[in-house]
$ cat data-v1.cif   # mmCIF, N, CA and C atoms
data_start
loop_
_atom_site.label_atom_id
_atom_site.label_comp_id
_atom_site.auth_asym_id
_atom_site.auth_seq_id
_atom_site.Cartn_x
_atom_site.Cartn_y
_atom_site.Cartn_z
N GLN A 1291 67.29 -98.96 21.39
CA GLN A 1291 66.27 -99.92 21.00
C GLN A 1291 65.20 -99.21 20.18
N VAL A 1292 65.07 -99.63 18.94
CA VAL A 1292 64.09 -99.03 18.06
C VAL A 1292 62.72 -99.63 18.35
N GLN A 1293 61.71 -98.78 18.42
CA GLN A 1293 60.35 -99.28 18.62
C GLN A 1293 59.34 -98.43 17.89
N LEU A 1294 58.19 -99.05 17.63
CA LEU A 1294 57.06 -98.38 17.02
C LEU A 1294 55.91 -98.38 18.02
N VAL A 1295 55.30 -97.24 18.19
CA VAL A 1295 54.18 -97.12 19.14
C VAL A 1295 52.98 -96.56 18.40
N GLU A 1296 51.88 -97.34 18.41
CA GLU A 1296 50.65 -96.92 17.75
C GLU A 1296 49.71 -96.26 18.73
N SER A 1297 48.83 -95.45 18.19
CA SER A 1297 47.77 -94.84 18.99
C SER A 1297 46.60 -94.53 18.07
N GLY A 1298 45.43 -94.31 18.68
CA GLY A 1298 44.28 -93.86 17.91
C GLY A 1298 43.18 -94.88 17.70
N GLY A 1299 43.38 -96.11 18.14
CA GLY A 1299 42.33 -97.10 17.98
C GLY A 1299 41.16 -96.83 18.91
N GLY A 1300 40.09 -97.58 18.72
CA GLY A 1300 38.93 -97.41 19.58
C GLY A 1300 37.68 -97.98 18.95
N LEU A 1301 36.55 -97.60 19.54
CA LEU A 1301 35.24 -98.06 19.09
C LEU A 1301 34.55 -96.95 18.32
N VAL A 1302 34.02 -97.30 17.15
CA VAL A 1302 33.35 -96.31 16.33
C VAL A 1302 32.17 -96.98 15.63
N GLN A 1303 31.14 -96.20 15.34
CA GLN A 1303 30.00 -96.75 14.62
C GLN A 1303 30.31 -96.83 13.13
N ALA A 1304 29.62 -97.73 12.47
CA ALA A 1304 29.77 -97.85 11.02
C ALA A 1304 29.51 -96.50 10.36
N GLY A 1305 30.36 -96.17 9.40
CA GLY A 1305 30.27 -94.88 8.73
C GLY A 1305 31.13 -93.80 9.35
N GLY A 1306 31.66 -94.09 10.51
CA GLY A 1306 32.49 -93.12 11.22
C GLY A 1306 33.94 -93.14 10.76
N SER A 1307 34.76 -92.36 11.45
CA SER A 1307 36.17 -92.21 11.08
C SER A 1307 37.06 -92.37 12.30
N LEU A 1308 38.26 -92.83 12.04
CA LEU A 1308 39.32 -92.90 13.04
C LEU A 1308 40.64 -92.58 12.36
N ARG A 1309 41.56 -92.07 13.13
CA ARG A 1309 42.91 -91.81 12.61
C ARG A 1309 43.90 -92.53 13.51
N LEU A 1310 44.66 -93.43 12.92
CA LEU A 1310 45.70 -94.14 13.63
C LEU A 1310 47.04 -93.44 13.40
N SER A 1311 47.85 -93.41 14.44
CA SER A 1311 49.18 -92.82 14.33
C SER A 1311 50.21 -93.81 14.85
N CYS A 1312 51.39 -93.71 14.28
CA CYS A 1312 52.49 -94.60 14.69
C CYS A 1312 53.77 -93.78 14.68
N ALA A 1313 54.49 -93.85 15.78
CA ALA A 1313 55.74 -93.10 15.90
C ALA A 1313 56.90 -94.05 16.14
N ALA A 1314 57.94 -93.87 15.37
CA ALA A 1314 59.16 -94.65 15.55
C ALA A 1314 60.14 -93.88 16.41
N SER A 1315 60.79 -94.58 17.32
CA SER A 1315 61.76 -93.93 18.20
C SER A 1315 62.96 -94.85 18.41
N GLY A 1316 64.05 -94.24 18.87
CA GLY A 1316 65.26 -95.00 19.10
C GLY A 1316 66.38 -94.51 18.20
N SER A 1317 67.37 -95.35 18.05
CA SER A 1317 68.54 -95.00 17.25
C SER A 1317 68.24 -95.28 15.78
N ILE A 1318 67.61 -94.33 15.11
CA ILE A 1318 67.16 -94.51 13.73
C ILE A 1318 68.03 -93.70 12.78
N PHE A 1319 68.58 -94.38 11.79
CA PHE A 1319 69.35 -93.68 10.78
C PHE A 1319 68.45 -93.30 9.61
N SER A 1320 67.60 -94.23 9.19
CA SER A 1320 66.65 -93.95 8.11
C SER A 1320 65.53 -94.98 8.16
N ILE A 1321 64.44 -94.66 7.46
CA ILE A 1321 63.30 -95.58 7.39
C ILE A 1321 62.89 -95.75 5.94
N ASN A 1322 62.79 -96.96 5.49
CA ASN A 1322 62.30 -97.22 4.14
C ASN A 1322 60.77 -97.24 4.15
N ASP A 1323 60.17 -98.32 3.72
CA ASP A 1323 58.71 -98.40 3.69
C ASP A 1323 58.12 -98.41 5.09
N MET A 1324 56.97 -97.76 5.23
CA MET A 1324 56.17 -97.84 6.45
C MET A 1324 54.78 -98.34 6.04
N SER A 1325 54.22 -99.20 6.87
CA SER A 1325 52.97 -99.86 6.48
C SER A 1325 52.04 -100.02 7.67
N TRP A 1326 50.78 -100.26 7.33
CA TRP A 1326 49.78 -100.66 8.31
C TRP A 1326 49.24 -102.03 7.88
N TYR A 1327 49.21 -102.94 8.83
CA TYR A 1327 48.61 -104.25 8.66
C TYR A 1327 47.44 -104.37 9.63
N ARG A 1328 46.60 -105.35 9.40
CA ARG A 1328 45.53 -105.63 10.35
C ARG A 1328 45.29 -107.12 10.42
N GLN A 1329 44.79 -107.51 11.58
CA GLN A 1329 44.45 -108.91 11.79
C GLN A 1329 43.11 -109.00 12.50
N ALA A 1330 42.14 -109.53 11.78
CA ALA A 1330 40.81 -109.72 12.36
C ALA A 1330 40.77 -111.07 13.08
N PRO A 1331 39.84 -111.23 14.02
CA PRO A 1331 39.74 -112.50 14.75
C PRO A 1331 39.60 -113.68 13.81
N GLY A 1332 40.45 -114.68 13.98
CA GLY A 1332 40.37 -115.89 13.18
C GLY A 1332 40.92 -115.77 11.77
N LYS A 1333 41.52 -114.62 11.47
CA LYS A 1333 42.04 -114.42 10.12
C LYS A 1333 43.53 -114.12 10.16
N GLN A 1334 44.16 -114.25 9.00
CA GLN A 1334 45.58 -113.95 8.91
C GLN A 1334 45.79 -112.44 8.84
N ARG A 1335 46.98 -112.04 9.26
CA ARG A 1335 47.33 -110.63 9.16
C ARG A 1335 47.43 -110.24 7.69
N GLU A 1336 46.89 -109.08 7.35
CA GLU A 1336 46.92 -108.63 5.96
C GLU A 1336 47.45 -107.20 5.87
N LEU A 1337 48.08 -106.90 4.75
CA LEU A 1337 48.56 -105.56 4.50
C LEU A 1337 47.37 -104.65 4.16
N VAL A 1338 47.29 -103.52 4.84
CA VAL A 1338 46.23 -102.55 4.56
C VAL A 1338 46.73 -101.47 3.63
N ALA A 1339 47.85 -100.87 3.96
CA ALA A 1339 48.39 -99.78 3.15
C ALA A 1339 49.87 -99.63 3.46
N SER A 1340 50.61 -99.12 2.47
CA SER A 1340 52.03 -98.88 2.67
C SER A 1340 52.43 -97.60 1.98
N ILE A 1341 53.55 -97.04 2.42
CA ILE A 1341 54.05 -95.80 1.84
C ILE A 1341 55.57 -95.83 1.85
N THR A 1342 56.16 -95.44 0.72
CA THR A 1342 57.61 -95.42 0.63
C THR A 1342 58.15 -94.13 1.25
N SER A 1343 59.46 -94.06 1.39
CA SER A 1343 60.07 -92.85 1.93
C SER A 1343 59.85 -91.66 1.00
N GLY A 1344 59.61 -91.94 -0.27
CA GLY A 1344 59.35 -90.89 -1.24
C GLY A 1344 57.90 -90.48 -1.34
N GLY A 1345 57.03 -91.21 -0.62
CA GLY A 1345 55.63 -90.82 -0.57
C GLY A 1345 54.70 -91.61 -1.47
N SER A 1346 55.21 -92.59 -2.19
CA SER A 1346 54.34 -93.42 -3.03
C SER A 1346 53.55 -94.36 -2.13
N THR A 1347 52.25 -94.47 -2.43
CA THR A 1347 51.37 -95.25 -1.57
C THR A 1347 50.74 -96.42 -2.32
N ASN A 1348 50.30 -97.38 -1.51
CA ASN A 1348 49.62 -98.54 -2.04
C ASN A 1348 48.65 -99.01 -0.97
N CYS A 1349 47.47 -99.45 -1.37
CA CYS A 1349 46.56 -99.98 -0.37
C CYS A 1349 45.74 -101.12 -0.95
N THR A 1350 45.22 -101.94 -0.06
CA THR A 1350 44.44 -103.08 -0.50
C THR A 1350 43.10 -102.62 -1.06
N ASP A 1351 42.55 -103.40 -1.97
CA ASP A 1351 41.33 -102.98 -2.68
C ASP A 1351 40.17 -102.67 -1.74
N SER A 1352 40.06 -103.42 -0.66
CA SER A 1352 38.90 -103.27 0.22
C SER A 1352 38.84 -101.93 0.94
N VAL A 1353 39.95 -101.18 0.97
CA VAL A 1353 39.96 -99.90 1.68
C VAL A 1353 40.18 -98.72 0.74
N LYS A 1354 40.35 -98.99 -0.54
CA LYS A 1354 40.59 -97.89 -1.50
C LYS A 1354 39.41 -96.92 -1.49
N GLY A 1355 39.74 -95.64 -1.46
CA GLY A 1355 38.71 -94.62 -1.43
C GLY A 1355 38.22 -94.30 -0.03
N ARG A 1356 38.62 -95.11 0.95
CA ARG A 1356 38.18 -94.88 2.33
C ARG A 1356 39.36 -94.60 3.27
N PHE A 1357 40.47 -95.28 3.07
CA PHE A 1357 41.64 -95.12 3.93
C PHE A 1357 42.74 -94.36 3.19
N THR A 1358 43.47 -93.54 3.94
CA THR A 1358 44.60 -92.81 3.38
C THR A 1358 45.79 -92.93 4.30
N ILE A 1359 46.93 -93.34 3.75
CA ILE A 1359 48.16 -93.44 4.53
C ILE A 1359 49.04 -92.24 4.23
N SER A 1360 49.69 -91.72 5.26
CA SER A 1360 50.60 -90.59 5.10
C SER A 1360 51.74 -90.72 6.09
N ARG A 1361 52.82 -90.02 5.85
CA ARG A 1361 53.95 -90.09 6.76
C ARG A 1361 54.65 -88.74 6.85
N ASP A 1362 55.34 -88.55 7.95
CA ASP A 1362 56.16 -87.37 8.17
C ASP A 1362 57.59 -87.87 8.39
N ASN A 1363 58.42 -87.72 7.40
CA ASN A 1363 59.78 -88.26 7.50
C ASN A 1363 60.61 -87.55 8.57
N ALA A 1364 60.34 -86.30 8.79
CA ALA A 1364 61.09 -85.54 9.80
C ALA A 1364 60.77 -86.03 11.21
N LYS A 1365 59.54 -86.48 11.40
CA LYS A 1365 59.10 -86.94 12.73
C LYS A 1365 59.10 -88.45 12.87
N ASN A 1366 59.40 -89.16 11.78
CA ASN A 1366 59.39 -90.63 11.80
C ASN A 1366 58.03 -91.17 12.21
N THR A 1367 56.99 -90.61 11.62
CA THR A 1367 55.64 -91.05 11.94
C THR A 1367 54.90 -91.46 10.67
N VAL A 1368 53.91 -92.33 10.85
CA VAL A 1368 53.02 -92.72 9.78
C VAL A 1368 51.61 -92.76 10.33
N ASP A 1369 50.67 -92.23 9.57
CA ASP A 1369 49.28 -92.18 9.98
C ASP A 1369 48.40 -92.96 9.01
N LEU A 1370 47.26 -93.38 9.51
CA LEU A 1370 46.26 -94.02 8.66
C LEU A 1370 44.93 -93.36 8.96
N GLN A 1371 44.43 -92.59 8.02
CA GLN A 1371 43.12 -91.97 8.15
C GLN A 1371 42.09 -92.93 7.59
N MET A 1372 41.14 -93.31 8.44
CA MET A 1372 40.13 -94.29 8.05
C MET A 1372 38.76 -93.64 8.08
N ASN A 1373 38.14 -93.55 6.92
CA ASN A 1373 36.80 -92.96 6.80
C ASN A 1373 35.80 -94.01 6.35
N ASN A 1374 34.53 -93.72 6.57
CA ASN A 1374 33.45 -94.62 6.17
C ASN A 1374 33.76 -96.05 6.63
N LEU A 1375 34.05 -96.18 7.91
CA LEU A 1375 34.42 -97.49 8.44
C LEU A 1375 33.26 -98.46 8.40
N LYS A 1376 33.62 -99.72 8.18
CA LYS A 1376 32.63 -100.79 8.09
C LYS A 1376 32.92 -101.84 9.18
N PRO A 1377 31.91 -102.60 9.58
CA PRO A 1377 32.16 -103.64 10.59
C PRO A 1377 33.28 -104.59 10.20
N GLU A 1378 33.44 -104.84 8.92
CA GLU A 1378 34.51 -105.75 8.48
C GLU A 1378 35.91 -105.15 8.61
N ASP A 1379 35.99 -103.87 8.98
CA ASP A 1379 37.29 -103.25 9.26
C ASP A 1379 37.74 -103.54 10.69
N THR A 1380 36.89 -104.15 11.48
CA THR A 1380 37.25 -104.47 12.85
C THR A 1380 38.45 -105.41 12.88
N ALA A 1381 39.48 -104.99 13.60
CA ALA A 1381 40.72 -105.78 13.64
C ALA A 1381 41.71 -105.09 14.58
N VAL A 1382 42.79 -105.79 14.88
CA VAL A 1382 43.94 -105.15 15.51
C VAL A 1382 44.83 -104.64 14.38
N TYR A 1383 45.15 -103.37 14.44
CA TYR A 1383 45.96 -102.73 13.41
C TYR A 1383 47.40 -102.60 13.91
N TYR A 1384 48.33 -103.01 13.06
CA TYR A 1384 49.74 -103.00 13.41
C TYR A 1384 50.53 -102.08 12.47
N CYS A 1385 51.40 -101.32 13.07
CA CYS A 1385 52.33 -100.50 12.31
C CYS A 1385 53.58 -101.33 12.02
N ASN A 1386 54.14 -101.13 10.85
CA ASN A 1386 55.33 -101.88 10.43
C ASN A 1386 56.26 -100.94 9.68
N ALA A 1387 57.55 -101.09 9.91
CA ALA A 1387 58.51 -100.23 9.21
C ALA A 1387 59.83 -100.96 9.01
N GLU A 1388 60.48 -100.63 7.93
CA GLU A 1388 61.83 -101.15 7.67
C GLU A 1388 62.80 -100.05 8.10
N ILE A 1389 63.49 -100.28 9.20
CA ILE A 1389 64.26 -99.22 9.84
C ILE A 1389 65.75 -99.51 9.74
N GLY A 1390 66.49 -98.49 9.34
CA GLY A 1390 67.93 -98.60 9.25
C GLY A 1390 68.60 -98.07 10.51
N GLU A 1391 69.48 -98.89 11.05
CA GLU A 1391 70.22 -98.51 12.26
C GLU A 1391 71.72 -98.57 11.96
N ARG A 1392 72.41 -97.56 12.40
CA ARG A 1392 73.86 -97.55 12.22
C ARG A 1392 74.51 -98.13 13.46
N TYR A 1393 75.50 -98.99 13.24
CA TYR A 1393 76.19 -99.56 14.39
C TYR A 1393 77.67 -99.59 14.10
N TYR A 1394 78.44 -99.67 15.18
CA TYR A 1394 79.90 -99.64 15.07
C TYR A 1394 80.46 -101.02 15.38
N ALA A 1395 81.30 -101.51 14.45
CA ALA A 1395 81.99 -102.78 14.65
C ALA A 1395 83.35 -102.65 13.96
N GLY A 1396 84.17 -101.80 14.54
CA GLY A 1396 85.45 -101.51 13.89
C GLY A 1396 85.32 -100.36 12.92
N SER A 1397 84.25 -100.39 12.18
CA SER A 1397 83.81 -99.30 11.30
C SER A 1397 82.31 -99.14 11.50
N TYR A 1398 81.76 -98.08 10.91
CA TYR A 1398 80.31 -97.90 11.02
C TYR A 1398 79.62 -98.66 9.89
N TYR A 1399 78.56 -99.36 10.25
CA TYR A 1399 77.77 -100.11 9.29
C TYR A 1399 76.31 -99.73 9.43
N LEU A 1400 75.56 -100.01 8.39
CA LEU A 1400 74.13 -99.74 8.39
C LEU A 1400 73.39 -101.05 8.16
N ARG A 1401 72.42 -101.34 9.00
CA ARG A 1401 71.61 -102.54 8.80
C ARG A 1401 70.14 -102.16 8.87
N PHE A 1402 69.34 -102.83 8.07
CA PHE A 1402 67.90 -102.60 8.06
C PHE A 1402 67.20 -103.81 8.65
N ARG A 1403 66.19 -103.56 9.45
CA ARG A 1403 65.39 -104.66 9.96
C ARG A 1403 63.93 -104.23 10.05
N GLU A 1404 63.07 -105.24 10.02
CA GLU A 1404 61.64 -104.99 10.07
C GLU A 1404 61.21 -104.88 11.54
N VAL A 1405 60.48 -103.83 11.84
CA VAL A 1405 60.03 -103.58 13.20
C VAL A 1405 58.51 -103.50 13.20
N TRP A 1406 57.88 -104.09 14.23
CA TRP A 1406 56.43 -104.08 14.40
C TRP A 1406 56.04 -103.32 15.65
N GLY A 1407 54.90 -102.66 15.59
CA GLY A 1407 54.31 -102.08 16.77
C GLY A 1407 53.53 -103.13 17.54
N GLN A 1408 52.97 -102.72 18.68
CA GLN A 1408 52.28 -103.66 19.54
C GLN A 1408 50.83 -103.88 19.11
N GLY A 1409 50.33 -103.03 18.26
CA GLY A 1409 48.96 -103.17 17.75
C GLY A 1409 47.98 -102.30 18.51
N THR A 1410 46.96 -101.85 17.79
CA THR A 1410 45.88 -101.07 18.40
C THR A 1410 44.56 -101.59 17.84
N LEU A 1411 43.59 -101.77 18.73
CA LEU A 1411 42.32 -102.37 18.35
C LEU A 1411 41.35 -101.35 17.79
N VAL A 1412 40.80 -101.68 16.64
CA VAL A 1412 39.74 -100.87 16.03
C VAL A 1412 38.49 -101.74 15.97
N THR A 1413 37.42 -101.24 16.57
CA THR A 1413 36.16 -101.97 16.57
C THR A 1413 35.09 -101.09 15.93
N VAL A 1414 34.44 -101.62 14.90
CA VAL A 1414 33.40 -100.87 14.19
C VAL A 1414 32.07 -101.57 14.44
N SER A 1415 31.17 -100.85 15.07
CA SER A 1415 29.87 -101.44 15.40
C SER A 1415 28.83 -101.10 14.34
N THR A 1416 27.81 -101.94 14.28
CA THR A 1416 26.74 -101.71 13.30
C THR A 1416 25.73 -100.72 13.83
#
$ encode --input "data-v1.cif" --output "structure tokens"
Amino acid sequence: QVQLVESGGGLVQAGGSLRLSCAASGSIFSINDMSWYRQAPGKQRELVASITSGGSTNCTDSVKGRFTISRDNAKNTVDLQMNNLKPEDTAVYYCNAEIGERYYAGSYYLRFREVWGQGTLVTVST
């Protein structure tokens, strides 16, 4: 059973920093894109940042220059370094990954599916 487990959330004052980590475990053959999403109270979930297996990154305009996404392909982990946090960054942050699993059905096949973590709460106080 493939799963993603996040850690690193918490309470921080405005201007502070937090580092979120996400580790994938289970029967993993490969991982394509890994991403961080967030969902603030009363709002829709939004993409914060993503990173390809080759290391190309993308992030939403509101966090550019403040957040950095990185990954370790050998460890199947993705991190989100968040600096100069603002109260509007308060949200539940979710790790997301497109994970390839090999399975046997007469022959070996590879299938990719989207996996979500359980979420970690980040609260930024004024």
$ residues_around --input "data-v1.cif" --residues "Tyr1399 in chain A" --least-positions-apart "5" --cutoff "12 Å" --atoms "only C-alpha atoms" --output "PDB file with N, CA and C atoms, keeping the file's coordinate frame"
ATOM      1  N   PHE A1319      68.580 -94.380  11.790  1.00  0.00           N
ATOM      2  CA  PHE A1319      69.350 -93.680  10.780  1.00  0.00           C
ATOM      3  C   PHE A1319      68.450 -93.300   9.610  1.00  0.00           C
ATOM      4  N   GLY A1390      66.490 -98.490   9.340  1.00  0.00           N
ATOM      5  CA  GLY A1390      67.930 -98.600   9.250  1.00  0.00           C
ATOM      6  C   GLY A1390      68.600 -98.070  10.510  1.00  0.00           C
ATOM      7  N   GLU A1391      69.480 -98.890  11.050  1.00  0.00           N
ATOM      8  CA  GLU A1391      70.220 -98.510  12.260  1.00  0.00           C
ATOM      9  C   GLU A1391      71.720 -98.570  11.960  1.00  0.00           C
ATOM     10  N   ARG A1392      72.410 -97.560  12.400  1.00  0.00           N
ATOM     11  CA  ARG A1392      73.860 -97.550  12.220  1.00  0.00           C
ATOM     12  C   ARG A1392      74.510 -98.130  13.460  1.00  0.00           C
ATOM     13  N   TYR A1393      75.500 -98.990  13.240  1.00  0.00           N
ATOM     14  CA  TYR A1393      76.190 -99.560  14.390  1.00  0.00           C
ATOM     15  C   TYR A1393      77.670 -99.590  14.100  1.00  0.00           C
ATOM     16  N   TYR A1394      78.440 -99.670  15.180  1.00  0.00           N
ATOM     17  CA  TYR A1394      79.900 -99.640  15.070  1.00  0.00           C
ATOM     18  C   TYR A1394      80.460-101.020  15.380  1.00  0.00           C
TER      19      TYR A1394
END
$ resolve_selection --input "data-v1.cif" --expression "the PyMOL selection byres (((chain A and resi 1291 and name CA) around 10) and name CA)" --output "PyMOL selection string"
chain A and resi 1292-1293+1315-1318+1391
$ atom_distance --input "data-v1.cif" --atom1 "atom N of Trp1326 in chain A" --atom2 "CA of Ala1304 in chain A"
21.5 Å
$ select_by_dssp --input "data-v1.cif" --residues "chain A" --states "helix (DSSP H, G or I)" --output "list in words"
Asp1351, Ser1352, Val1353, Pro1377, Glu1378 and Asp1379 of chain A
$ write_last_selection --input "data-v1.cif" --atoms "N, CA and C atoms" --output "tab-separated table (two decimals), keeping the file's coordinate frame"
chain	number	residue	atom	x	y	z
A	1351	ASP	N	42.55	-103.40	-1.97
A	1351	ASP	CA	41.33	-102.98	-2.68
A	1351	ASP	C	40.17	-102.67	-1.74
A	1352	SER	N	40.06	-103.42	-0.66
A	1352	SER	CA	38.90	-103.27	0.22
A	1352	SER	C	38.84	-101.93	0.94
A	1353	VAL	N	39.95	-101.18	0.97
A	1353	VAL	CA	39.96	-99.90	1.68
A	1353	VAL	C	40.18	-98.72	0.74
A	1377	PRO	N	31.91	-102.60	9.58
A	1377	PRO	CA	32.16	-103.64	10.59
A	1377	PRO	C	33.28	-104.59	10.20
A	1378	GLU	N	33.44	-104.84	8.92
A	1378	GLU	CA	34.51	-105.75	8.48
A	1378	GLU	C	35.91	-105.15	8.61
A	1379	ASP	N	35.99	-103.87	8.98
A	1379	ASP	CA	37.29	-103.25	9.26
A	1379	ASP	C	37.74	-103.54	10.69
$ resolve_selection --input "data-v1.cif" --expression "the PyMOL selection byres ((chain A and resi 1321) around 6)" --output "list in words"
Phe1319, Ser1320, Asn1322, Asp1323, Ser1343, Glu1388, Ile1389 and Gly1390 of chain A
$ resolve_selection --input "data-v1.cif" --expression "the PyMOL selection byres ((chain A and resi 1366) around 6)" --output "PyMOL selection string"
chain A and resi 1312-1314+1362-1365+1367-1368
$ write_last_selection --input "data-v1.cif" --atoms "N, CA and C atoms" --output "PDB file, keeping the file's coordinate frame"
ATOM      1  N   CYS A1312      51.390 -93.710  14.280  1.00  0.00           N
ATOM      2  CA  CYS A1312      52.490 -94.600  14.690  1.00  0.00           C
ATOM      3  C   CYS A1312      53.770 -93.780  14.680  1.00  0.00           C
ATOM      4  N   ALA A1313      54.490 -93.850  15.780  1.00  0.00           N
ATOM      5  CA  ALA A1313      55.740 -93.100  15.900  1.00  0.00           C
ATOM      6  C   ALA A1313      56.900 -94.050  16.140  1.00  0.00           C
ATOM      7  N   ALA A1314      57.940 -93.870  15.370  1.00  0.00           N
ATOM      8  CA  ALA A1314      59.160 -94.650  15.550  1.00  0.00           C
ATOM      9  C   ALA A1314      60.140 -93.880  16.410  1.00  0.00           C
ATOM     10  N   ASP A1362      55.340 -88.550   7.950  1.00  0.00           N
ATOM     11  CA  ASP A1362      56.160 -87.370   8.170  1.00  0.00           C
ATOM     12  C   ASP A1362      57.590 -87.870   8.390  1.00  0.00           C
ATOM     13  N   ASN A1363      58.420 -87.720   7.400  1.00  0.00           N
ATOM     14  CA  ASN A1363      59.780 -88.260   7.500  1.00  0.00           C
ATOM     15  C   ASN A1363      60.610 -87.550   8.570  1.00  0.00           C
ATOM     16  N   ALA A1364      60.340 -86.300   8.790  1.00  0.00           N
ATOM     17  CA  ALA A1364      61.090 -85.540   9.800  1.00  0.00           C
ATOM     18  C   ALA A1364      60.770 -86.030  11.210  1.00  0.00           C
ATOM     19  N   LYS A1365      59.540 -86.480  11.400  1.00  0.00           N
ATOM     20  CA  LYS A1365      59.100 -86.940  12.730  1.00  0.00           C
ATOM     21  C   LYS A1365      59.100 -88.450  12.870  1.00  0.00           C
ATOM     22  N   THR A1367      56.990 -90.610  11.620  1.00  0.00           N
ATOM     23  CA  THR A1367      55.640 -91.050  11.940  1.00  0.00           C
ATOM     24  C   THR A1367      54.900 -91.460  10.670  1.00  0.00           C
ATOM     25  N   VAL A1368      53.910 -92.330  10.850  1.00  0.00           N
ATOM     26  CA  VAL A1368      53.020 -92.720   9.780  1.00  0.00           C
ATOM     27  C   VAL A1368      51.610 -92.760  10.330  1.00  0.00           C
TER      28      VAL A1368
END
$ closest_residue --input "data-v1.cif" --among "A:Val1382, A:Leu1294, A:Leu1370, A:Leu1310" --to "Thr1410 in chain A" --atoms "all atoms listed in the file"
A:Val1382
